[in-house]
$ cat my_file_12.cif   # mmCIF, C-alpha atoms and all ligand atoms
data_final
loop_
_atom_site.group_PDB
_atom_site.id
_atom_site.type_symbol
_atom_site.label_atom_id
_atom_site.label_comp_id
_atom_site.auth_asym_id
_atom_site.auth_seq_id
_atom_site.Cartn_x
_atom_site.Cartn_y
_atom_site.Cartn_z
ATOM 1 C CA MET A 92 91.551 282.251 106.101
ATOM 2 C CA PRO A 93 89.367 282.356 109.197
ATOM 3 C CA PHE A 94 86.022 284.129 109.292
ATOM 4 C CA ARG A 95 86.272 287.855 110.019
ATOM 5 C CA LEU A 96 84.043 290.190 111.986
ATOM 6 C CA PRO A 97 82.405 292.322 109.263
ATOM 7 C CA GLU A 98 82.472 296.075 109.745
ATOM 8 C CA LEU A 99 79.210 297.808 110.626
ATOM 9 C CA PRO A 100 77.555 299.379 107.536
ATOM 10 C CA PHE A 101 77.180 302.701 109.462
ATOM 11 C CA ALA A 102 79.217 304.751 111.920
ATOM 12 C CA PRO A 103 78.936 303.520 115.547
ATOM 13 C CA ASP A 104 77.164 306.737 116.610
ATOM 14 C CA ALA A 105 74.902 306.952 113.524
ATOM 15 C CA LEU A 106 71.862 305.352 115.163
ATOM 16 C CA GLY A 107 71.698 307.968 117.894
ATOM 17 C CA ALA A 108 69.957 307.223 121.170
ATOM 18 C CA HIS A 109 67.873 304.457 119.549
ATOM 19 C CA MET A 110 70.973 302.225 119.583
ATOM 20 C CA SER A 111 73.950 303.850 121.234
ATOM 21 C CA ALA A 112 77.602 303.623 120.251
ATOM 22 C CA GLU A 113 78.202 301.853 123.561
ATOM 23 C CA THR A 114 75.618 299.191 122.691
ATOM 24 C CA LEU A 115 77.261 298.688 119.304
ATOM 25 C CA GLU A 116 80.710 298.525 120.903
ATOM 26 C CA PHE A 117 79.483 295.592 123.021
ATOM 27 C CA HIS A 118 76.953 293.976 120.703
ATOM 28 C CA HIS A 119 79.094 294.095 117.553
ATOM 29 C CA GLY A 120 82.575 294.422 119.012
ATOM 30 C CA LYS A 121 82.235 291.802 121.755
ATOM 31 C CA HIS A 122 79.170 289.558 121.328
ATOM 32 C CA HIS A 123 79.255 289.216 117.523
ATOM 33 C CA LYS A 124 83.057 288.944 117.592
ATOM 34 C CA ALA A 125 82.876 286.164 120.195
ATOM 35 C CA TYR A 126 80.776 284.046 117.800
ATOM 36 C CA VAL A 127 83.332 284.605 115.035
ATOM 37 C CA ASP A 128 86.232 283.640 117.313
ATOM 38 C CA LYS A 129 84.372 280.570 118.601
ATOM 39 C CA VAL A 130 83.526 279.269 115.124
ATOM 40 C CA ASN A 131 87.106 279.857 113.950
ATOM 41 C CA SER A 132 88.252 277.695 116.864
ATOM 42 C CA MET A 133 85.776 274.926 115.933
ATOM 43 C CA VAL A 134 85.915 274.491 112.134
ATOM 44 C CA GLY A 135 89.379 272.934 112.004
ATOM 45 C CA GLU A 136 88.685 269.969 114.248
ATOM 46 C CA ARG A 137 85.452 269.353 112.301
ATOM 47 C CA GLY A 138 87.086 269.263 108.851
ATOM 48 C CA LEU A 139 85.254 272.379 107.685
ATOM 49 C CA GLU A 140 88.159 274.740 106.943
ATOM 50 C CA GLY A 141 87.531 276.726 103.778
ATOM 51 C CA ALA A 142 83.756 276.201 103.866
ATOM 52 C CA ASP A 143 81.501 279.241 103.444
ATOM 53 C CA LEU A 144 79.543 280.303 106.526
ATOM 54 C CA SER A 145 76.259 278.988 105.085
ATOM 55 C CA GLU A 146 77.957 275.634 104.411
ATOM 56 C CA VAL A 147 79.192 275.473 108.018
ATOM 57 C CA ILE A 148 75.642 276.167 109.276
ATOM 58 C CA ARG A 149 74.134 273.473 107.042
ATOM 59 C CA ALA A 150 76.822 270.940 107.988
ATOM 60 C CA ALA A 151 76.192 271.637 111.678
ATOM 61 C CA THR A 152 72.446 271.150 111.083
ATOM 62 C CA GLU A 153 72.959 267.801 109.353
ATOM 63 C CA ARG A 154 75.368 266.565 112.006
ATOM 64 C CA GLY A 155 73.237 267.717 114.945
ATOM 65 C CA ASP A 156 76.269 269.720 116.140
ATOM 66 C CA LYS A 157 74.466 272.159 118.462
ATOM 67 C CA GLY A 158 77.517 274.145 119.523
ATOM 68 C CA LEU A 159 78.714 274.798 115.999
ATOM 69 C CA PHE A 160 75.144 275.398 114.822
ATOM 70 C CA ASN A 161 74.324 278.089 117.385
ATOM 71 C CA ASN A 162 77.650 279.909 117.027
ATOM 72 C CA SER A 163 77.728 279.882 113.217
ATOM 73 C CA GLY A 164 74.026 280.752 113.021
ATOM 74 C CA GLN A 165 74.706 283.713 115.288
ATOM 75 C CA ILE A 166 77.434 285.008 112.955
ATOM 76 C CA TRP A 167 75.067 284.922 110.006
ATOM 77 C CA ASN A 168 72.128 286.368 111.977
ATOM 78 C CA HIS A 169 74.240 289.333 113.130
ATOM 79 C CA ASN A 170 75.729 289.861 109.639
ATOM 80 C CA PHE A 171 72.131 290.143 108.424
ATOM 81 C CA PHE A 172 70.846 292.216 111.358
ATOM 82 C CA TRP A 173 73.373 295.046 110.910
ATOM 83 C CA GLN A 174 72.380 295.363 107.260
ATOM 84 C CA CYS A 175 68.719 295.668 108.344
ATOM 85 C CA LEU A 176 69.577 298.896 110.220
ATOM 86 C CA ALA A 177 70.136 302.443 108.985
ATOM 87 C CA PRO A 178 70.365 305.898 110.566
ATOM 88 C CA PRO A 179 66.940 307.343 111.466
ATOM 89 C CA GLN A 180 65.657 309.537 108.627
ATOM 90 C CA GLY A 181 61.914 308.875 108.790
ATOM 91 C CA GLN A 182 62.232 305.944 106.400
ATOM 92 C CA ARG A 183 59.212 303.790 105.537
ATOM 93 C CA PRO A 184 58.617 300.911 103.107
ATOM 94 C CA THR A 185 57.943 302.037 99.535
ATOM 95 C CA GLY A 186 57.154 300.590 96.122
ATOM 96 C CA ARG A 187 56.549 296.875 95.681
ATOM 97 C CA LEU A 188 57.480 296.108 99.286
ATOM 98 C CA ALA A 189 54.840 298.536 100.587
ATOM 99 C CA GLU A 190 52.266 297.040 98.211
ATOM 100 C CA MET A 191 53.030 293.515 99.424
ATOM 101 C CA ILE A 192 52.832 294.615 103.071
ATOM 102 C CA ASP A 193 49.441 296.235 102.434
ATOM 103 C CA ALA A 194 48.190 293.126 100.617
ATOM 104 C CA ASP A 195 49.354 290.647 103.270
ATOM 105 C CA PHE A 196 48.862 292.649 106.501
ATOM 106 C CA GLY A 197 46.542 295.575 105.631
ATOM 107 C CA SER A 198 49.085 298.307 106.369
ATOM 108 C CA THR A 199 52.696 298.937 107.363
ATOM 109 C CA ASP A 200 51.611 299.782 110.911
ATOM 110 C CA ALA A 201 49.646 296.531 111.179
ATOM 111 C CA MET A 202 52.668 294.545 109.972
ATOM 112 C CA LEU A 203 54.978 296.336 112.408
ATOM 113 C CA ALA A 204 52.561 295.704 115.293
ATOM 114 C CA LYS A 205 52.533 291.984 114.447
ATOM 115 C CA LEU A 206 56.321 291.841 114.173
ATOM 116 C CA LYS A 207 56.603 293.627 117.519
ATOM 117 C CA ASP A 208 54.233 291.105 119.127
ATOM 118 C CA GLU A 209 56.366 288.253 117.791
ATOM 119 C CA ALA A 210 59.585 289.892 119.021
ATOM 120 C CA VAL A 211 58.267 290.772 122.474
ATOM 121 C CA GLY A 212 56.454 287.451 122.879
ATOM 122 C CA HIS A 213 59.421 285.261 121.940
ATOM 123 C CA PHE A 214 60.396 283.483 125.173
ATOM 124 C CA ALA A 215 64.055 284.085 126.134
ATOM 125 C CA SER A 216 66.721 284.502 123.450
ATOM 126 C CA GLY A 217 66.035 284.531 119.731
ATOM 127 C CA TRP A 218 65.208 286.532 116.621
ATOM 128 C CA ALA A 219 61.954 287.862 115.156
ATOM 129 C CA TRP A 220 61.699 287.622 111.368
ATOM 130 C CA LEU A 221 59.794 289.025 108.439
ATOM 131 C CA VAL A 222 60.234 286.412 105.727
ATOM 132 C CA LEU A 223 59.045 285.553 102.252
ATOM 133 C CA ASP A 224 57.267 282.198 102.268
ATOM 134 C CA GLN A 225 56.003 280.883 98.926
ATOM 135 C CA GLY A 226 55.608 284.410 97.568
ATOM 136 C CA LYS A 227 53.790 285.809 100.612
ATOM 137 C CA LEU A 228 55.107 287.805 103.544
ATOM 138 C CA ALA A 229 55.080 286.066 106.914
ATOM 139 C CA ILE A 230 56.200 286.789 110.470
ATOM 140 C CA THR A 231 57.881 284.224 112.664
ATOM 141 C CA SER A 232 60.633 283.860 115.242
ATOM 142 C CA LEU A 233 63.530 281.474 115.698
ATOM 143 C CA HIS A 234 65.139 280.443 118.974
ATOM 144 C CA ASP A 235 68.718 281.005 120.201
ATOM 145 C CA GLY A 236 71.079 280.872 117.196
ATOM 146 C CA ASP A 237 68.590 279.250 114.823
ATOM 147 C CA THR A 238 68.647 280.943 111.438
ATOM 148 C CA PRO A 239 66.758 281.021 108.119
ATOM 149 C CA VAL A 240 69.904 279.532 106.536
ATOM 150 C CA ALA A 241 68.920 276.206 108.135
ATOM 151 C CA HIS A 242 65.307 276.325 106.933
ATOM 152 C CA ALA A 243 64.860 275.517 103.251
ATOM 153 C CA GLY A 244 62.310 277.826 101.650
ATOM 154 C CA MET A 245 62.493 280.509 104.359
ATOM 155 C CA LYS A 246 63.656 283.666 102.587
ATOM 156 C CA PRO A 247 64.746 286.319 105.114
ATOM 157 C CA LEU A 248 63.713 289.954 104.623
ATOM 158 C CA LEU A 249 64.115 291.661 108.047
ATOM 159 C CA THR A 250 65.113 290.602 111.534
ATOM 160 C CA VAL A 251 65.170 291.973 115.068
ATOM 161 C CA ASP A 252 67.626 290.539 117.587
ATOM 162 C CA VAL A 253 65.799 289.956 120.860
ATOM 163 C CA TRP A 254 68.677 288.506 122.852
ATOM 164 C CA GLU A 255 69.023 290.585 126.010
ATOM 165 C CA HIS A 256 72.551 291.590 124.902
ATOM 166 C CA ALA A 257 70.850 293.647 122.150
ATOM 167 C CA TYR A 258 69.166 296.033 124.596
ATOM 168 C CA TYR A 259 70.479 295.784 128.141
ATOM 169 C CA ILE A 260 72.694 298.882 127.930
ATOM 170 C CA ASP A 261 70.170 301.295 126.376
ATOM 171 C CA TYR A 262 66.885 299.820 127.625
ATOM 172 C CA ARG A 263 67.796 297.676 130.665
ATOM 173 C CA ASN A 264 65.209 294.880 130.614
ATOM 174 C CA ALA A 265 62.644 296.741 128.450
ATOM 175 C CA ARG A 266 62.491 294.631 125.295
ATOM 176 C CA PRO A 267 59.261 296.324 124.036
ATOM 177 C CA ALA A 268 60.898 299.782 124.097
ATOM 178 C CA PHE A 269 63.922 298.444 122.198
ATOM 179 C CA VAL A 270 61.733 296.782 119.549
ATOM 180 C CA ASP A 271 59.666 299.974 119.147
ATOM 181 C CA ALA A 272 62.837 302.023 118.660
ATOM 182 C CA VAL A 273 64.252 299.667 116.024
ATOM 183 C CA LEU A 274 61.052 299.087 114.039
ATOM 184 C CA GLY A 275 59.912 302.701 114.249
ATOM 185 C CA ASN A 276 63.204 304.406 113.432
ATOM 186 C CA LEU A 277 66.109 302.243 112.305
ATOM 187 C CA VAL A 278 64.942 299.807 109.630
ATOM 188 C CA ASN A 279 66.829 299.900 106.339
ATOM 189 C CA TRP A 280 63.753 299.352 104.156
ATOM 190 C CA GLU A 281 65.855 299.482 100.976
ATOM 191 C CA PHE A 282 67.762 296.414 102.187
ATOM 192 C CA VAL A 283 64.487 294.706 103.130
ATOM 193 C CA ALA A 284 63.107 295.428 99.635
ATOM 194 C CA GLN A 285 66.278 294.060 97.984
ATOM 195 C CA ASN A 286 65.692 290.760 99.761
ATOM 196 C CA LEU A 287 62.383 290.292 97.925
ATOM 197 C CA ASP A 288 64.567 288.703 95.221
ATOM 198 C CA GLY A 289 64.907 285.692 97.554
ATOM 199 C CA ASP A 290 68.670 286.138 97.834
ATOM 200 C CA GLY A 291 68.839 287.381 101.440
ATOM 201 C CA VAL A 292 70.822 284.374 102.673
ATOM 202 C CA ARG A 293 73.677 285.223 100.331
ATOM 203 C CA ARG A 294 73.828 288.861 101.500
ATOM 204 C CA ALA A 295 74.961 287.813 104.992
ATOM 205 C CA ASP A 296 77.056 284.829 103.936
ATOM 206 C CA GLN A 297 80.842 284.856 104.274
ATOM 207 C CA GLU A 298 83.731 283.032 102.719
ATOM 208 C CA SER A 299 86.284 281.747 105.152
HETATM 209 MN MN MN3 A 301 72.898 289.812 119.183
#
$ encode --input "my_file_12.cif" --output "structure tokens" --more "lines below"
Ligand code: MN3
Amino acid sequence: MPFRLPELPFAPDALGAHMSAETLEFHHGKHHKAYVDKVNSMVGERGLEGADLSEVIRAATERGDKGLFNNSGQIWNHNFFWQCLAPPQGQRPTGRLAEMIDADFGSTDAMLAKLKDEAVGHFASGWAWLVLDQGKLAITSLHDGDTPVAHAGMKPLLTVDVWEHAYYIDYRNARPAFVDAVLGNLVNWEFVAQNLDGDGVRRADQES
């Protein structure tokens, strides 16, 4: 079986003006789908039929296969990104996650400001990440299709897609406004808190 485009975990109009149905139609329905189609066209000739998505990413890393790496990494990154989003209901981090954020950054607002700086400051295409690194929270970014799946010990908690295709419809070229809208309104903090178990990679993995 080839890889499939996973369904969005919310209705296409559920994120309101922060991320429009038209953006999701293009970002999920065309960009994310294109990565799925591309990888499905590549795995056969590379002897990787039947491998899980994470196994394809790791094989591409070991082989230095840039094309397969970026396309398969982008499938996983988008699988994870959609789960990081939820309809805007004034949600904020709670419980152990909130305590860890306060301990490592001082406050939720301070953490969000740092994550925004990383997202806005990342040159060209990539992803900003909140990760768990040796039991502490950390903020970083990865370039193009690079993904925590390829970095042993990097446990993903939350990501923001800062490829221009994530915001050009709703925000034109204004990446800071897009990042503010996502971090201030759309984060699924329950999903982020679940990932404190270190099992985030599995939650966006796929069998083929
Ligand atoms: Mn994208």
$ closest_residue --input "my_file_12.cif" --among "A:Leu233, A:Val283, A:Ile166, A:Ala189" --to "ligand MN3 301 (chain A)" --atoms "all atoms listed in the file"
A:Ile166
$ atom_distance --input "my_file_12.cif" --atom1 "CA of Ala284 in chain A" --atom2 "CA of Thr185 in chain A"
8.4 Å
$ residues_near_ligand --input "my_file_12.cif" --ligand "ligand MN3 301 (chain A)" --cutoff "12 Å" --atoms "only C-alpha atoms and all ligand atoms" --output "PyMOL selection string"
chain A and resi 114-126+161-162+164-173+216-219+235-236+250-259
$ atom_distance --input "my_file_12.cif" --atom1 "CA of Asp143 in chain A" --atom2 "CA of Arg293 in chain A"
10.3 Å
$ resolve_selection --input "my_file_12.cif" --expression "the PyMOL selection byres (((chain A and resi 245) around 7) and not hetatm)" --output "MDAnalysis selection string"
chainID A and resid 222:224 239 242:244 246:247
$ closest_atom_pairs --input "my_file_12.cif" --of "range 199-230 of chain A" --to "range 262-269 of chain A" --cutoff "9 Å" --atoms "only C-alpha atoms" --output "Markdown table"
| residue | atom | partner | partner_atom | distance |
| --- | --- | --- | --- | --- |
| A:Lys207 | CA | A:Pro267 | CA | 7.5 |
| A:Asp208 | CA | A:Pro267 | CA | 8.8 |
| A:Ala210 | CA | A:Pro267 | CA | 8.2 |
| A:Val211 | CA | A:Pro267 | CA | 5.9 |
$ closest_residue --input "my_file_12.cif" --among "A:Arg95, A:His234, A:Lys227, A:Lys205" --to "Leu144 in chain A" --atoms "all atoms listed in the file"
A:Arg95
$ resolve_selection --input "my_file_12.cif" --expression "the PyMOL selection byres (((chain A and resi 178) around 7) and not hetatm)" --output "PyMOL selection string"
chain A and resi 105-106+177+179-180+277
$ write_last_selection --input "my_file_12.cif" --atoms "C-alpha atoms" --output "compact mmCIF listing (two decimals), keeping the file's coordinate frame"
# COMPACT_ATOMS: atom_id res chain seq x y z
CA ALA A 105 74.90 306.95 113.52
CA LEU A 106 71.86 305.35 115.16
CA ALA A 177 70.14 302.44 108.98
CA PRO A 179 66.94 307.34 111.47
CA GLN A 180 65.66 309.54 108.63
CA LEU A 277 66.11 302.24 112.30
$ atom_distance --input "my_file_12.cif" --atom1 "CA of Asp271 in chain A" --atom2 "CA of Glu98 in chain A"
25.0 Å
$ closest_residue --input "my_file_12.cif" --among "A:Leu249, A:Asp156, A:Asp296, A:Val270" --to "Gly212 in chain A" --atoms "only C-alpha atoms"
A:Val270
$ residues_around --input "my_file_12.cif" --residues "Arg187 in chain A" --least-positions-apart "6" --cutoff "12 Å" --atoms "only C-alpha atoms" --output "list of chain:residue names"
A:Asp193, A:Ala194, A:Trp280, A:Glu281, A:Val283, A:Ala284, A:Gln285, A:Asn286, A:Leu287, A:Asp288
$ closest_residue --input "my_file_12.cif" --among "A:Pro184, A:Gly289, A:Asp237, A:Val127" --to "Gln225 in chain A" --atoms "only C-alpha atoms"
A:Gly289
$ closest_residue --input "my_file_12.cif" --among "A:Cys175, A:Ala112, A:Leu96, A:Val130" --to "Ile260 in chain A" --atoms "only C-alpha atoms"
A:Ala112
$ resolve_selection --input "my_file_12.cif" --expression "the PyMOL selection byres (((chain A and resi 148) around 9) and not hetatm)" --output "PyMOL selection string"
chain A and resi 143-147+149-153+159-164+167+238+240-241
$ axis_aligned_box --input "my_file_12.cif" --around "range 186-204 of chain A" --padding-each-side "4 Å" --output "JSON"
{"center_x": 52.0, "center_y": 295.6, "center_z": 105.5, "size_x": 18.9, "size_y": 17.9, "size_z": 27.6}
$ closest_residue --input "my_file_12.cif" --among "A:Leu99, A:Glu136, A:Gly141, A:Glu113" --to "Gln297 in chain A" --atoms "all atoms listed in the file"
A:Gly141
$ decode --input "my_file_12.cif" --residues "range 149-265 of chain A" --atoms "C-alpha atoms" --output "short mmCIF file (atom, residue, chain, number, x, y, z; two decimals), in the first residue's frame"
data_model
loop_
_atom_site.label_atom_id
_atom_site.label_comp_id
_atom_site.auth_asym_id
_atom_site.auth_seq_id
_atom_site.Cartn_x
_atom_site.Cartn_y
_atom_site.Cartn_z
CA ARG A 149 16.07 7.35 8.30
CA ALA A 150 17.10 5.35 5.22
CA ALA A 151 17.22 8.55 3.16
CA THR A 152 19.37 10.17 5.88
CA GLU A 153 21.84 7.28 5.92
CA ARG A 154 22.07 7.15 2.14
CA GLY A 155 22.42 10.92 1.71
CA ASP A 156 19.36 10.77 -0.59
CA LYS A 157 18.37 14.46 -0.45
CA GLY A 158 15.30 14.20 -2.67
CA LEU A 159 13.76 11.34 -0.74
CA PHE A 160 14.80 12.90 2.57
CA ASN A 161 13.15 16.27 1.96
CA ASN A 162 9.93 14.81 0.54
CA SER A 163 9.48 12.13 3.21
CA GLY A 164 10.47 14.56 5.97
CA GLN A 165 7.83 16.95 4.68
CA ILE A 166 5.13 14.26 4.93
CA TRP A 167 6.00 13.60 8.55
CA ASN A 168 6.37 17.31 9.41
CA HIS A 169 2.91 18.08 7.99
CA ASN A 170 1.34 15.01 9.67
CA PHE A 171 2.67 16.44 12.94
CA PHE A 172 1.81 20.08 12.21
CA TRP A 173 -1.91 19.45 11.63
CA GLN A 174 -2.13 17.66 14.97
CA CYS A 175 -0.52 20.71 16.64
CA LEU A 176 -3.53 22.84 15.58
CA ALA A 177 -7.03 23.13 17.03
CA PRO A 178 -9.96 25.52 16.65
CA PRO A 179 -9.48 28.78 18.59
CA GLN A 180 -11.11 28.51 22.03
CA GLY A 181 -8.72 30.57 24.16
CA GLN A 182 -6.59 27.52 24.91
CA ARG A 183 -3.37 27.82 26.92
CA PRO A 184 -0.86 25.31 28.29
CA THR A 185 -1.93 23.72 31.58
CA GLY A 186 -0.68 21.24 34.16
CA ARG A 187 2.79 19.75 33.91
CA LEU A 188 3.43 21.36 30.52
CA ALA A 189 2.73 24.83 31.92
CA GLU A 190 4.99 24.11 34.90
CA MET A 191 7.83 23.02 32.62
CA ILE A 192 7.38 26.10 30.42
CA ASP A 193 7.52 28.36 33.49
CA ALA A 194 10.62 26.56 34.79
CA ASP A 195 12.52 26.66 31.49
CA PHE A 196 11.39 30.00 30.01
CA GLY A 197 9.85 32.01 32.90
CA SER A 198 6.34 32.14 31.44
CA THR A 199 4.17 30.94 28.55
CA ASP A 200 4.36 34.37 26.93
CA ALA A 201 8.16 34.37 27.16
CA MET A 202 8.31 30.92 25.56
CA LEU A 203 5.93 31.96 22.78
CA ALA A 204 7.96 35.12 22.11
CA LYS A 205 11.12 33.00 21.77
CA LEU A 206 9.40 30.50 19.48
CA LYS A 207 8.09 33.38 17.36
CA ASP A 208 11.61 34.84 17.08
CA GLU A 209 12.92 31.47 15.92
CA ALA A 210 10.09 31.08 13.38
CA VAL A 211 10.35 34.61 11.99
CA GLY A 212 14.16 34.58 12.00
CA HIS A 213 14.54 31.26 10.19
CA PHE A 214 15.99 32.16 6.78
CA ALA A 215 13.83 30.89 3.88
CA SER A 216 11.89 27.64 4.19
CA GLY A 217 11.76 25.50 7.31
CA TRP A 218 10.06 24.69 10.60
CA ALA A 219 10.29 26.17 14.10
CA TRP A 220 10.19 23.62 16.92
CA LEU A 221 9.54 23.32 20.61
CA VAL A 222 11.30 20.11 21.59
CA LEU A 223 12.21 18.07 24.63
CA ASP A 224 15.99 17.74 24.89
CA GLN A 225 17.35 15.65 27.77
CA GLY A 226 14.32 16.42 29.91
CA LYS A 227 14.32 20.17 29.27
CA LEU A 228 12.28 22.24 26.84
CA ALA A 229 14.20 23.85 23.98
CA ILE A 230 13.44 25.93 20.90
CA THR A 231 15.12 25.36 17.57
CA SER A 232 14.42 25.35 13.85
CA LEU A 233 15.16 22.94 11.03
CA HIS A 234 15.67 23.81 7.37
CA ASP A 235 13.61 22.76 4.32
CA GLY A 236 12.25 19.23 4.91
CA ASP A 237 14.58 18.41 7.80
CA THR A 238 12.69 16.75 10.64
CA PRO A 239 13.15 15.63 14.26
CA VAL A 240 12.76 12.04 12.97
CA ALA A 241 16.31 12.34 11.59
CA HIS A 242 17.80 13.72 14.82
CA ALA A 243 18.29 11.12 17.54
CA GLY A 244 17.32 12.49 20.94
CA MET A 245 15.20 15.36 19.58
CA LYS A 246 11.69 14.77 20.92
CA PRO A 247 9.15 16.96 19.09
CA LEU A 248 6.42 18.75 21.06
CA LEU A 249 5.13 21.58 18.79
CA THR A 250 5.98 22.94 15.37
CA VAL A 251 5.16 25.91 13.15
CA ASP A 252 5.53 25.58 9.38
CA VAL A 253 7.28 28.68 8.07
CA TRP A 254 7.40 27.73 4.40
CA GLU A 255 5.78 30.56 2.45
CA HIS A 256 3.09 28.12 1.23
CA ALA A 257 1.80 28.09 4.84
CA TYR A 258 0.81 31.77 4.79
CA TYR A 259 0.80 33.32 1.34
CA ILE A 260 -2.98 33.15 0.86
CA ASP A 261 -4.05 34.59 4.24
CA TYR A 262 -1.06 36.79 5.08
CA ARG A 263 0.72 37.44 1.75
CA ASN A 264 4.39 37.78 2.73
CA ALA A 265 3.75 38.60 6.43
#
